[in-house]
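Here's the structure, in structure tokens; my notes come after.
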Amino acid sequence: MKVGVPKEIKTHEYRVGLTPGAVREYVAAGHSVVVETNAGAGIGATDDNYRKAGATILDSTHEVFASSEMIIKVKEPQPSEWTQLRENQILFTYLHLAPDPEQAKGLLKSGCTAIAYETVTDAHGGLPLLAPMSEVAGRLAIEAAGSALKRYAGGRGLLIGGVPGVQPARIVVIGGGVVGTHAARMAAGLGAEVTILDQSIPRLRELDELFEGRVRTRFSTIDAVEEEVFAADVVVGAVLVPGASAPKLVSRGMLSSMRKGSVIVDVAIDQGGCFETSRPTTHADPTYEVDGVIHYCVANMPGAVPLTSSQALNNATLPFGLALANKGFAAVLENPHLRAGLNVYRGRLTYRAVAESLGLPFSPIEQAAA
Ligand SMILES: NC(=O)C1=CN([C@@H]2O[C@H](COP(=O)(O)OP(=O)(O)OC[C@H]3O[C@@H](n4cnc5c(N)ncnc54)[C@H](O)[C@@H]3O)[C@@H](O)[C@H]2O)C=CC1
Ligand SMILES: CC(=O)C(=O)O
Ligand SMILES: [Mg+2]
């Protein structure tokens, strides 16, 4: 198959869809790979590194889209990208369509087949192509909170771990999945007082065992969220209902009960965010304030550490991408985990939670492909 890798164009997005090492795997499997010039600059990979791995370098995004049967990216296509997609072309990347009707319209209109990294599943009920970036974002969430808590940044002027004899920060994590676990690990490691809320009791049990009492767990109800948010210095939003818009768990009223200079980090912003007051921000201007509370809502947090992130992402996407390159759309039909990633097929929405969140018709793939 002809595989194409454009340079990412979202603000301060430095990751790349295929690393030179991954290109080498595709070429070894008999595929041809074209890469846009400078696509790997953010990870220090030169055009020559890609040539040595077997890729052909093209000068423009347009040439990459025009000459490829499958486009492999990192971030959801931007308007100038979705207009270049076409029927019979496979797009393999993060999409986060539920809160993004414009992109959904663009992809539907293009006629392409779009497989979203974030809804591909594994045999253990996990999301293997989301997990590595959730690990990164969970860890970064505490770094972001630490920066925002600094006085010159508008924060309360609190050191996350405190010092002997002085209270550390109270950090509340809503959603105890991959992001939540990694955020809690970083926060606890720095010496914060950490509470994780989740609505899954089995998950809370696992977390209790994992952290051996170092982190408090609490069943997530409206009351519990209200009490914890009120007392928190930092709240990390880390809930997910796969494919769907994030539930708004923290209302404006709850937010305004927080002390001035407290911080929220809404990692779930790529699915619309779980705070009523969240809106997406970028690495160029990551924070804003509502009711005296600093909001950090960057939708591509892992893009800030592209060396770590591109490698972690490529490790996870490689077997799925190779299956698509080897078999084309047949790979989607025969592999239920890849099929779970299918969001758009030739003008139809094939993922129920996405269609429901957007208020658009849902077509099961059996119907759409008939
Ligand atoms: N902003 C960014 O750059 C990034 C954002 N993310 C996003 O972070 C979010 C979390 O991802 P993961 O941790 O991988 O998901 P996950 O599926 O591992 O964990 C989600 C957790 O939320 C819990 N949950 C669901 N509804 C809840 C509710 N109403 N109350 C309390 N808990 C609830 C689930 O039980 C689960 O434990 C997703 O939206 C993901 O796309 C991930 C990576 C980067
Ligand atoms: C998961 C996601 O949205 C990201 O890594 O940017
Ligand atoms: Mg994102």
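Each chain in the structure tokens gets a letter, A, B, ..., in the order shown, and its residues are numbered from 1; ligands are numbered from 1 in order too.
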Report as CSV: every residue of chain A with an atom at most 7 Å from ligand 3, its closest pair of atoms, and their distance in Å to one decimal, counting only C-alpha atoms and all ligand atoms, with rows sorted by chain and ascending residue number.
residue,atom,partner,partner_atom_place_in_ligand_line,distance
A:Lys75,CA,ligand 3,1 (Mg),6.9
A:Asp270,CA,ligand 3,1 (Mg),4.5
A:Ala299,CA,ligand 3,1 (Mg),4.2
A:Asn300,CA,ligand 3,1 (Mg),4.2
Met254 of chain A environment, 8 Å, only C-alpha atoms, sequence neighbours closer than 6 positions dropped, as a PyMOL selection string: chain A and resi 226+229-230
Taking C-alpha atoms for each residue, export the selection above as a JSON list (two decimals), in the first residue's frame.
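again_19.json, written as the output of this step:
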[["chain", "number", "residue", "atom", "x", "y", "z"],
["A", 226, "GLU", "CA", -18.92, 19.06, 45.01],
["A", 229, "VAL", "CA", -13.76, 20.32, 44.31],
["A", 230, "PHE", "CA", -14.57, 22.81, 47.10]]
Output as a tab-separated table one row per residue of chain A within 8 Å of ligand 1: the closest atom pair and its distance in Å to one decimal place, counting only C-alpha atoms and all ligand atoms, sorted by chain and residue number ascending.
residue	atom	partner	partner_atom_place_in_ligand_line	distance
A:His96	CA	ligand 1	41 (O)	7.3
A:Glu118	CA	ligand 1	41 (O)	6.7
A:Gly126	CA	ligand 1	17 (O)	7.2
A:Leu127	CA	ligand 1	14 (O)	7.1
A:Leu130	CA	ligand 1	14 (O)	5.7
A:Ala131	CA	ligand 1	14 (O)	5.1
A:Pro132	CA	ligand 1	43 (C)	7.8
A:Met133	CA	ligand 1	43 (C)	4.6
A:Ser134	CA	ligand 1	43 (C)	3.8
A:Glu135	CA	ligand 1	43 (C)	7.2
A:Val136	CA	ligand 1	43 (C)	7.1
A:Ala137	CA	ligand 1	44 (C)	4.9
A:Gly138	CA	ligand 1	43 (C)	7.4
A:Ile174	CA	ligand 1	31 (C)	5.8
A:Gly175	CA	ligand 1	22 (O)	3.8
A:Gly176	CA	ligand 1	37 (O)	4.4
A:Gly177	CA	ligand 1	19 (O)	3.2
A:Val178	CA	ligand 1	13 (O)	3.7
A:Val179	CA	ligand 1	13 (O)	3.7
A:Gly180	CA	ligand 1	13 (O)	5.7
A:Thr181	CA	ligand 1	13 (O)	7.6
A:Leu197	CA	ligand 1	31 (C)	5.9
A:Asp198	CA	ligand 1	32 (N)	3.7
A:Gln199	CA	ligand 1	31 (C)	4.5
A:Ser200	CA	ligand 1	35 (O)	4.9
A:Arg203	CA	ligand 1	37 (O)	6.3
A:Phe219	CA	ligand 1	31 (C)	7.8
A:Ser220	CA	ligand 1	31 (C)	5.2
A:Thr221	CA	ligand 1	30 (N)	7.3
A:Gly237	CA	ligand 1	9 (C)	7.6
A:Ala238	CA	ligand 1	10 (C)	4.4
A:Val239	CA	ligand 1	22 (O)	3.4
A:Leu240	CA	ligand 1	20 (C)	4.1
A:Val241	CA	ligand 1	25 (C)	5.4
A:Pro242	CA	ligand 1	17 (O)	6.8
A:Ala246	CA	ligand 1	39 (O)	6.7
A:Pro247	CA	ligand 1	29 (N)	6.0
A:Leu249	CA	ligand 1	29 (N)	6.7
A:Asp266	CA	ligand 1	1 (N)	7.1
A:Val267	CA	ligand 1	1 (N)	4.1
A:Ala268	CA	ligand 1	39 (O)	3.7
A:Ile269	CA	ligand 1	1 (N)	5.6
A:Asp270	CA	ligand 1	1 (N)	5.4
A:Gln271	CA	ligand 1	39 (O)	4.9
A:Gly272	CA	ligand 1	39 (O)	7.8
A:Gly273	CA	ligand 1	39 (O)	7.4
A:Cys297	CA	ligand 1	1 (N)	6.8
A:Val298	CA	ligand 1	1 (N)	5.4
A:Ala299	CA	ligand 1	1 (N)	3.8
A:Asn300	CA	ligand 1	3 (O)	3.6
A:Met301	CA	ligand 1	3 (O)	3.6
A:Pro302	CA	ligand 1	3 (O)	5.6
A:Gly303	CA	ligand 1	3 (O)	7.6
Just the number, please: distance in Å from atom CA of Lys260 of chain A to atom CA of His182 of chain A, one decimal.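 That distance, rounded to one decimal, is 26.1 Å.
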Can you tell me how far atom CA of Ala231 of chain A sits from atom CA of Ser278 of chain A, in Å to one decimal? 19.5 Å
I need the residue nearest ligand 2 from this list: A:Arg348, A:Lys73, A:Lys2, A:Lys7. Use only C-alpha atoms and all ligand atoms for the distance. A:Lys73
Quick one: pick out all helix (DSSP H, G or I) residues within segment 85-238 of chain A from a backbone DSSP run and write them as an MDAnalysis selection string. chainID A and resid 101:110 117:119 131:148 151:153 178:190 201:211 222:231
